[in-house]
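Report on one structure; see the data block that follows.
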Amino acid sequence: MAFSSWTEVISMGGYGFYVWLSFGISLAALAALMVHGILTRRSLQQQSKQQQQRQQRLARRKQQERSR
Amino acid sequence: MWRWLHPYAKGEASYRLLGRWLPWLTGSAVLTMMVGLIWGLFYAPPDYQQGDSYRIIYIHVPAAIFSMGTYTAMAIAALIALVWQIRTAEWAIAAIAPVGAVLTFIALFTGAVWGKPMWGTWWEWDARLTSQLILLFLYLGVIALYHAFSDSRTGAKAAGILALVGVVNVPIIHYSVYWWNTLHQGATITKFEKPSMATSMLIPLLICLLGFALMTAAFICQRLRNEILRQELHRDWAQQELN
């Protein structure tokens, strides 16, 4: 360990603002990238569900027309 | 020789292969990143000149190296897409570009935040910094072009051409510190001689490099899987996968 206390860790020898700002923003950017990937998959799931419902509706309508 | 590669031109085969890789890549990436960053932040000794500010190196250098590495990978995918018209390669362009853009942003941002206490300025129009900024614009251009056309194949072709033309920027970034008098320092580890860094600082940096490599691969896997599903949404296997 290069530091002897938590206050030293936070102050980073006077460079605390710069070190923690770069680590914070970098991790936030990576987290945003990950969340975006997960949300994309979720929206694809929704699209797929809508597509299936549309197909089922069409199939039902076709059947109704045939029975008429 | 390349026969084994042929089935992966099909979306579903690639999707399944990436799905097998993804959990391993994610797990090992999280583990190595945590070890590398915690080691770098708390256990590596402070620099005799820069004090503790140098710890930014543990994200700055891996992000910068892989921002160029992913660009090269994207350009190779673009070449394959343009020459052999393989759709998986076209989708790989779309999967790689956002990951590269985020890495480039991180390299630029941490560089600015490191530059402020060490050089006394957030930004300087110096060769290394400017060429890295151009890399960010190239990534954003590739993303924009890919999505700019209602026909996704036209978009992929346009984005692929930009990615290929832009690859000339990669060696410019790497050699900018030798070709011009820049504020940015020369290479510390990406050279053939002995790295100019103490072992106690170098080991966590190498771990961070490995962690960033695994993380980049995991992100590309995740995004390529999404893109394959998006393009094949009308097919039965994709519908089944999403339900």
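Identifiers in this document derive from the order of the structure tokens: chains are assigned A, B, ..., residues are numbered from 1 separately in each chain, and ligands are numbered from 1 in order of occurrence.
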
Just the residues within 8 Å of segment 101-112 of chain B, please, counting only C-alpha atoms, with nothing from its chain fewer than 2 positions along; format it as a short mmCIF file (atom, residue, chain, number, x, y, z; two decimals) with all heavy atoms, in the first residue's frame.
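Printed below is selection.cif as written:
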```cif
data_model
loop_
_atom_site.label_atom_id
_atom_site.label_comp_id
_atom_site.auth_asym_id
_atom_site.auth_seq_id
_atom_site.Cartn_x
_atom_site.Cartn_y
_atom_site.Cartn_z
N SER A 22 -10.65 11.65 -13.41
CA SER A 22 -10.42 10.80 -14.59
C SER A 22 -10.94 9.39 -14.37
O SER A 22 -11.55 8.82 -15.28
CB SER A 22 -8.96 10.77 -15.02
OG SER A 22 -8.12 11.17 -14.02
N PHE A 23 -10.73 8.84 -13.17
CA PHE A 23 -11.24 7.49 -12.93
C PHE A 23 -12.77 7.49 -12.94
O PHE A 23 -13.39 6.59 -13.51
CB PHE A 23 -10.71 6.93 -11.60
CG PHE A 23 -9.38 6.23 -11.75
CD1 PHE A 23 -8.22 6.97 -11.91
CD2 PHE A 23 -9.30 4.86 -11.75
CE1 PHE A 23 -7.00 6.34 -12.06
CE2 PHE A 23 -8.07 4.22 -11.90
CZ PHE A 23 -6.92 4.95 -12.05
N ILE A 25 -15.02 9.62 -14.42
CA ILE A 25 -15.65 9.81 -15.73
C ILE A 25 -15.41 8.60 -16.63
O ILE A 25 -16.31 8.18 -17.36
CB ILE A 25 -15.10 11.10 -16.40
CG1 ILE A 25 -15.51 12.32 -15.58
CG2 ILE A 25 -15.59 11.23 -17.83
CD1 ILE A 25 -16.97 12.71 -15.67
N SER A 26 -14.21 8.01 -16.54
CA SER A 26 -13.92 6.84 -17.38
C SER A 26 -14.85 5.68 -17.03
O SER A 26 -15.43 5.05 -17.93
CB SER A 26 -12.47 6.40 -17.20
OG SER A 26 -11.61 7.46 -17.50
N ALA A 29 -18.30 6.38 -18.29
CA ALA A 29 -18.43 6.19 -19.74
C ALA A 29 -18.56 4.71 -20.07
O ALA A 29 -19.40 4.31 -20.90
CB ALA A 29 -17.23 6.79 -20.47
N LEU A 30 -17.75 3.88 -19.42
CA LEU A 30 -17.82 2.43 -19.68
C LEU A 30 -19.16 1.87 -19.21
O LEU A 30 -19.77 1.03 -19.89
CB LEU A 30 -16.66 1.72 -18.98
CG LEU A 30 -15.28 2.06 -19.53
CD1 LEU A 30 -14.19 1.43 -18.67
CD2 LEU A 30 -15.13 1.62 -20.97
N LEU A 33 -21.79 2.69 -21.72
CA LEU A 33 -21.69 1.81 -22.90
C LEU A 33 -22.37 0.47 -22.62
O LEU A 33 -23.10 -0.06 -23.46
CB LEU A 33 -20.22 1.61 -23.27
CG LEU A 33 -19.93 0.88 -24.57
CD1 LEU A 33 -20.43 1.70 -25.76
CD2 LEU A 33 -18.45 0.60 -24.72
N ILE B 56 -3.14 8.22 -13.25
CA ILE B 56 -4.07 8.31 -14.38
C ILE B 56 -3.59 7.42 -15.53
O ILE B 56 -4.38 6.96 -16.35
CB ILE B 56 -4.21 9.79 -14.82
CG1 ILE B 56 -4.85 10.58 -13.69
CG2 ILE B 56 -5.02 9.94 -16.09
CD1 ILE B 56 -4.90 12.08 -13.92
N ILE B 59 -5.47 4.16 -16.67
CA ILE B 59 -6.59 4.11 -17.62
C ILE B 59 -6.22 4.80 -18.93
O ILE B 59 -6.67 4.39 -19.99
CB ILE B 59 -7.90 4.75 -17.10
CG1 ILE B 59 -7.63 5.80 -16.06
CG2 ILE B 59 -8.86 3.70 -16.60
CD1 ILE B 59 -8.90 6.42 -15.51
N HIS B 60 -5.39 5.84 -18.85
CA HIS B 60 -5.09 6.63 -20.03
C HIS B 60 -4.39 5.79 -21.11
O HIS B 60 -4.83 5.77 -22.27
CB HIS B 60 -4.21 7.82 -19.64
CG HIS B 60 -3.79 8.68 -20.78
ND1 HIS B 60 -4.65 9.55 -21.40
CD2 HIS B 60 -2.61 8.80 -21.42
CE1 HIS B 60 -4.00 10.17 -22.38
NE2 HIS B 60 -2.76 9.73 -22.42
N VAL B 61 -3.33 5.10 -20.73
CA VAL B 61 -2.55 4.35 -21.72
C VAL B 61 -3.32 3.17 -22.31
O VAL B 61 -3.39 3.02 -23.53
CB VAL B 61 -1.19 3.94 -21.12
CG1 VAL B 61 -0.52 2.87 -21.95
CG2 VAL B 61 -0.29 5.15 -20.99
N ALA B 63 -6.56 2.80 -22.58
CA ALA B 63 -7.64 3.34 -23.42
C ALA B 63 -7.08 3.84 -24.74
O ALA B 63 -7.65 3.60 -25.82
CB ALA B 63 -8.38 4.45 -22.69
N ALA B 64 -5.95 4.53 -24.69
CA ALA B 64 -5.37 5.10 -25.91
C ALA B 64 -4.89 3.98 -26.84
O ALA B 64 -5.16 4.01 -28.05
CB ALA B 64 -4.20 6.02 -25.55
N PHE B 66 -5.91 0.85 -27.03
CA PHE B 66 -6.99 0.07 -27.63
C PHE B 66 -7.94 0.93 -28.45
O PHE B 66 -8.69 0.39 -29.25
CB PHE B 66 -7.70 -0.76 -26.57
CG PHE B 66 -6.83 -1.87 -26.09
CD1 PHE B 66 -6.29 -1.87 -24.82
CD2 PHE B 66 -6.47 -2.88 -26.96
CE1 PHE B 66 -5.44 -2.88 -24.41
CE2 PHE B 66 -5.61 -3.88 -26.57
CZ PHE B 66 -5.09 -3.89 -25.29
N SER B 67 -7.90 2.26 -28.27
CA SER B 67 -8.67 3.09 -29.21
C SER B 67 -8.10 2.94 -30.61
O SER B 67 -8.84 2.94 -31.59
CB SER B 67 -8.65 4.56 -28.76
OG SER B 67 -7.37 5.12 -28.96
N ALA B 97 -17.39 0.35 -33.68
CA ALA B 97 -17.24 1.81 -33.67
C ALA B 97 -17.62 2.48 -32.33
O ALA B 97 -16.83 3.29 -31.83
CB ALA B 97 -18.02 2.43 -34.83
N PRO B 98 -18.77 2.16 -31.71
CA PRO B 98 -19.09 2.84 -30.45
C PRO B 98 -18.10 2.51 -29.34
O PRO B 98 -17.77 3.37 -28.52
CB PRO B 98 -20.49 2.32 -30.09
CG PRO B 98 -21.02 1.72 -31.33
CD PRO B 98 -19.85 1.27 -32.13
N VAL B 99 -17.60 1.26 -29.32
CA VAL B 99 -16.63 0.87 -28.29
C VAL B 99 -15.35 1.69 -28.47
O VAL B 99 -14.81 2.24 -27.51
CB VAL B 99 -16.33 -0.65 -28.39
CG1 VAL B 99 -15.37 -1.06 -27.29
CG2 VAL B 99 -17.61 -1.45 -28.31
N TRP B 114 -5.02 14.92 -16.94
CA TRP B 114 -3.64 14.71 -16.54
C TRP B 114 -2.77 15.89 -16.97
O TRP B 114 -1.83 16.29 -16.28
CB TRP B 114 -3.13 13.41 -17.17
CG TRP B 114 -1.89 12.87 -16.58
CD1 TRP B 114 -1.16 13.37 -15.54
CD2 TRP B 114 -1.23 11.68 -17.00
NE1 TRP B 114 -0.08 12.56 -15.30
CE2 TRP B 114 -0.10 11.52 -16.17
CE3 TRP B 114 -1.47 10.72 -18.01
CZ2 TRP B 114 0.78 10.44 -16.33
CZ3 TRP B 114 -0.60 9.67 -18.15
CH2 TRP B 114 0.51 9.53 -17.31
N GLY B 115 -3.12 16.46 -18.13
CA GLY B 115 -2.33 17.57 -18.66
C GLY B 115 -2.43 18.82 -17.81
O GLY B 115 -1.47 19.58 -17.68
N LYS B 116 -3.61 19.04 -17.22
CA LYS B 116 -3.82 20.26 -16.44
C LYS B 116 -2.78 20.41 -15.31
O LYS B 116 -2.07 21.42 -15.26
CB LYS B 116 -5.25 20.30 -15.89
CG LYS B 116 -5.61 21.55 -15.13
CD LYS B 116 -5.48 22.80 -16.01
CE LYS B 116 -5.67 24.05 -15.15
NZ LYS B 116 -5.18 25.25 -15.85
N THR B 121 -2.09 22.94 -18.79
CA THR B 121 -3.17 23.23 -19.73
C THR B 121 -4.01 21.98 -19.95
O THR B 121 -3.50 20.86 -19.92
CB THR B 121 -2.63 23.74 -21.08
OG1 THR B 121 -3.72 23.94 -21.96
CG2 THR B 121 -1.65 22.76 -21.71
N TRP B 122 -5.35 22.21 -20.12
CA TRP B 122 -6.23 21.07 -20.39
C TRP B 122 -6.00 20.57 -21.81
O TRP B 122 -6.09 19.38 -22.07
CB TRP B 122 -7.69 21.47 -20.27
CG TRP B 122 -8.11 21.92 -18.91
CD1 TRP B 122 -8.21 23.21 -18.49
CD2 TRP B 122 -8.50 21.10 -17.80
NE1 TRP B 122 -8.64 23.25 -17.18
CE2 TRP B 122 -8.82 21.97 -16.73
CE3 TRP B 122 -8.61 19.72 -17.60
CZ2 TRP B 122 -9.24 21.50 -15.50
CZ3 TRP B 122 -9.03 19.26 -16.38
CH2 TRP B 122 -9.34 20.15 -15.33
N TRP B 123 -5.73 21.51 -22.73
CA TRP B 123 -5.70 21.13 -24.15
C TRP B 123 -4.65 21.95 -24.88
O TRP B 123 -4.42 23.12 -24.56
CB TRP B 123 -7.08 21.36 -24.79
CG TRP B 123 -7.10 20.89 -26.20
CD1 TRP B 123 -6.96 21.66 -27.32
CD2 TRP B 123 -7.22 19.54 -26.66
NE1 TRP B 123 -6.99 20.86 -28.43
CE2 TRP B 123 -7.15 19.56 -28.05
CE3 TRP B 123 -7.37 18.30 -26.00
CZ2 TRP B 123 -7.22 18.41 -28.82
CZ3 TRP B 123 -7.46 17.16 -26.77
CH2 TRP B 123 -7.39 17.21 -28.16
N LEU B 129 -2.34 15.06 -29.62
CA LEU B 129 -3.69 15.34 -29.14
C LEU B 129 -4.65 15.56 -30.30
O LEU B 129 -5.77 15.04 -30.31
CB LEU B 129 -3.69 16.57 -28.22
CG LEU B 129 -3.27 16.33 -26.76
CD1 LEU B 129 -1.85 15.82 -26.67
CD2 LEU B 129 -3.40 17.60 -25.96
N GLN B 132 -5.45 12.34 -32.17
CA GLN B 132 -6.36 11.50 -31.37
C GLN B 132 -7.78 12.06 -31.44
O GLN B 132 -8.75 11.30 -31.49
CB GLN B 132 -5.86 11.44 -29.92
CG GLN B 132 -6.65 10.53 -29.01
CD GLN B 132 -6.39 9.04 -29.25
OE1 GLN B 132 -5.52 8.69 -30.03
NE2 GLN B 132 -7.16 8.19 -28.62
N LEU B 133 -7.90 13.39 -31.48
CA LEU B 133 -9.24 14.00 -31.61
C LEU B 133 -9.84 13.63 -32.96
O LEU B 133 -11.04 13.35 -33.06
CB LEU B 133 -9.13 15.52 -31.46
CG LEU B 133 -10.45 16.28 -31.44
CD1 LEU B 133 -11.27 15.90 -30.21
CD2 LEU B 133 -10.24 17.78 -31.47
N LEU B 135 -9.30 10.92 -34.52
CA LEU B 135 -9.75 9.53 -34.38
C LEU B 135 -11.17 9.47 -33.82
O LEU B 135 -12.00 8.70 -34.29
CB LEU B 135 -8.80 8.75 -33.46
CG LEU B 135 -9.04 7.25 -33.38
CD1 LEU B 135 -8.58 6.56 -34.65
CD2 LEU B 135 -8.33 6.62 -32.20
N LEU B 136 -11.45 10.33 -32.83
CA LEU B 136 -12.79 10.38 -32.25
C LEU B 136 -13.81 10.76 -33.33
O LEU B 136 -14.87 10.14 -33.46
CB LEU B 136 -12.85 11.37 -31.09
CG LEU B 136 -14.20 11.51 -30.40
CD1 LEU B 136 -14.61 10.22 -29.72
CD2 LEU B 136 -14.20 12.64 -29.39
N TYR B 139 -14.48 7.86 -35.69
CA TYR B 139 -15.41 6.91 -35.10
C TYR B 139 -16.84 7.43 -35.21
O TYR B 139 -17.76 6.71 -35.60
CB TYR B 139 -15.08 6.67 -33.63
CG TYR B 139 -14.04 5.61 -33.38
CD1 TYR B 139 -12.90 5.89 -32.63
CD2 TYR B 139 -14.20 4.31 -33.86
CE1 TYR B 139 -11.95 4.91 -32.37
CE2 TYR B 139 -13.26 3.33 -33.61
CZ TYR B 139 -12.14 3.64 -32.85
OH TYR B 139 -11.22 2.68 -32.59
N LEU B 140 -17.04 8.72 -34.82
CA LEU B 140 -18.39 9.27 -34.85
C LEU B 140 -18.91 9.30 -36.29
O LEU B 140 -20.09 9.04 -36.53
CB LEU B 140 -18.39 10.68 -34.24
CG LEU B 140 -17.99 10.75 -32.76
CD1 LEU B 140 -18.04 12.18 -32.25
CD2 LEU B 140 -18.89 9.86 -31.90
#
```

- Message: Report as a ChimeraX atom specification all protein, DNA and RNA residues lying within 9 Å of Met74 of chain B, evaluated on only C-alpha atoms, omitting residues in the same chain fewer than 6 positions from it.
- Response: /B:89,92-97,100,160,163-164

- Task: Identify all chain B residues at most 7 Å from chain A by counting only C-alpha atoms; ligands do not count. Present them as a PyMOL selection string.
- Result: chain B and resi 42-45+51-53+55-56+102+106+110+113-114+222-223+226+230+233+239+242-243

- Query: Using the chain letters and numbers from this document, which residues of segment 76-202 of chain B does DSSP assign to alpha helix (DSSP H), as a ChimeraX atom specification?
  - Reply: /B:76-84,87-119,127-146,152-166,169-179,199-202

- Message: If I take atom CA of Ile134 of chain B and atom CA of Thr72 of chain B, how far is one from the other in Å, to one decimal?
- Response: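 Straight-line distance from atom CA of Ile134 of chain B to atom CA of Thr72 of chain B works out to 14.7 Å.
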